[in-house]
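Take a look at the structure set out below.
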Amino acid sequence: MKRVCYLHVGMMKTGSTTIQAAFHGYDDGRLRYLPAKHRNHSALLRNVSKPNPQPHLRVVGQDLTERELEARVRKDRRRFRKMIARDDHDMIISSEELTSAFGPPAAERLLSILRTEFDEIRVIGYVREPVAFMTSILQQRTKLQAPVFELGPLYPDYRKQFRKWYREVGPKHVELIPFHRDQLVNSDLLDDFAHRVGARVDMITRPPRLNESLSAEAFAVLYEYRQVRGAPRASVELAKGNQRVVAALQGFGRRPIALDRDDCAAVVERHGDDIAWVEQRMGVGFPTPPDVPADAW
């Protein structure tokens with residue numbers, strides 16, 4: 001019987017956290033979500049596929065020695081091989097870092113391991129319109145590092161994120177789906193993903209809204225905090241307190257954050273070829289981004 005691995009490589013800010021929360025623990029006797037401890041497989045796959053993986057913030061906060069970090073990486077590599085070889089189930093593996101942080105060598109390494117157990121690998125990725133992505137990723141990066149407020153580096157570079165998967169598994173095995181209600185089955189992300197992997201909708205857990213956006217006021221406070229204190233990776237104590245800082249700002253402020261319309265348009269216009277590339281592979285153009293206030297941030 002042919003065994004299939006569904007590799008969810010949705011770019012950041014396309015509901016990956018919701019998919020991971022909904023499918024964590026899923027097992028219908030034919031299809032299983034990779035049974036790792038953490039529902040987001042990013043840190044595990046980083047350890048599996050990269051020669052010198054950067055540890056997750058929760059690991060930084062444990063203040064482990066270099067030898068202890070190396071031992072954890074080796075353990076994760078052994079565990080991963082055991083998990084994928086456990087039985088003949090099809091499997092879902094999910095990580096947004098597979099687009100943002102995995103270059104071709106790491107992707108090739110991961111696929112070479114998966115091919116020892118799976119007959120077919122199918123790649124599924126959700127794709128967000130560039131202005132909406134730039135707005136959301138600025139907040140996400142500020143939660144994790146000390147960013148520079150420049151719009152150009154926020155552009156997603158779709159080819160860089162997805163082209164490696166086309167090259168490694170072939171275009172017939174890659175699905176790119178616009179992250180927009182009009183393009184989703186039943187206008188619902190979880191229904192859409194379940195449909196594409198053949199999962200039973202009645203067996204998934206529908207979580208509350210996760211990874212909520214910060215308000216403009218909360219973002220301003222966090223941005224200034226980052227400039228003063230630095231990125232969480234700068235010290236063990238900052239890493240330990242990072243989640244508490246971000247959580248404390250949730251619900252603070254009322255004004256939605258939005259980037260300047262003209263400045264965003266200028267960035268997008270410079271990447272017309274890249275946008276044409278991804279729209280061709282999605283089979284549909286991006287929706288027109290919504291208007292933003294004239295006095296947007």
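Just remember, in the structure tokens the first chain shown is A, the second B, etc., residues are 1-based per chain, and ligands are 1-based in the order shown.
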Close residues, His271 (chain A) itself excluded, 12 Å, only C-alpha atoms, min 2 positions apart in chain, as JSON, numbers by chain: {"A": [130, 152, 153, 155, 156, 157, 158, 159, 264, 265, 266, 267, 268, 269, 273, 274, 275, 276, 277, 278]}
Find the residues around Thr99 (chain A) up to 10 Å (only C-alpha atoms counted), leave out those fewer than 2 positions away in its own chain, and share them as a list in words.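 Answer for this query is His8, Val9, Gly10, Met11, Met12, Ser95, Glu96, Glu97, Ala101, Phe102, Gly103, Ala107, Gly125, Pro156, Tyr158, Arg159, Lys160, Gln161, Phe162, Arg163, Lys164 and Trp165 of chain A.
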Report as an MDAnalysis selection string all protein, DNA and RNA residues lying within 7 Å of region 213-223 of chain A, evaluated on only C-alpha atoms, omitting residues in the same chain fewer than 6 positions from it. chainID A and resid 139 142 249:250 252:257
Emit the selected residues as an mmCIF file, in the first residue's frame, including C-alpha atoms.
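Printed below is part26.cif as written:
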data_model
loop_
_atom_site.group_PDB
_atom_site.id
_atom_site.type_symbol
_atom_site.label_atom_id
_atom_site.label_comp_id
_atom_site.auth_asym_id
_atom_site.auth_seq_id
_atom_site.Cartn_x
_atom_site.Cartn_y
_atom_site.Cartn_z
ATOM 1 C CA GLN A 139 4.264 42.030 14.615
ATOM 2 C CA THR A 142 8.782 41.947 17.039
ATOM 3 C CA LEU A 249 0.062 43.095 25.806
ATOM 4 C CA GLN A 250 -2.735 40.981 24.352
ATOM 5 C CA PHE A 252 -4.246 46.210 25.288
ATOM 6 C CA GLY A 253 -5.272 49.012 22.925
ATOM 7 C CA ARG A 254 -8.057 49.213 20.379
ATOM 8 C CA ARG A 255 -6.627 50.519 17.159
ATOM 9 C CA PRO A 256 -5.684 47.906 14.501
ATOM 10 C CA ILE A 257 -2.188 48.219 13.142
#
Suppose you want the space between CA of Gly29 (chain A) and CA of Arg86 (chain A); what is it in Å? 12.8 Å
Considering only C-alpha atoms, return as a ChimeraX atom specification whatever protein or nucleic-acid residues lie within 9 Å of Ala43 (chain A), sequence-local ones (same chain, fewer than 2 positions apart) excluded. /A:38,40-41,45-48,53-56,95,97
What's the 7 Å shell around Val174 (chain A), counting only C-alpha atoms, without same-chain residues fewer than 3 positions away, as a PyMOL selection string? chain A and resi 122-124+166+170-171
Write the residues you've just listed into a file as a PDB file, in the first residue's frame, and include C-alpha atoms for each of them.
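Final output, saved to again-v2.pdb:
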ATOM      1  CA  ARG A 122       2.723  15.987  -1.027  1.00  0.00           C
ATOM      2  CA  VAL A 123       3.430  19.610  -0.144  1.00  0.00           C
ATOM      3  CA  ILE A 124       0.584  21.919   0.912  1.00  0.00           C
ATOM      4  CA  TYR A 166       8.759  22.549  -6.503  1.00  0.00           C
ATOM      5  CA  GLY A 170       7.914  18.252  -8.493  1.00  0.00           C
ATOM      6  CA  PRO A 171       5.036  20.606  -9.370  1.00  0.00           C
TER       7      PRO A 171
END
What does the distance from CA of Arg233 (chain A) to CA of Leu144 (chain A) come to in Å, to one decimal?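 That distance, rounded to one decimal, is 8.3 Å.
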Using DSSP on the backbone, list every residue of region 88-286 of chain A that comes out as strand (DSSP E or B), and give them as a PyMOL selection string. chain A and resi 90-94+120-127+174-178+215+256
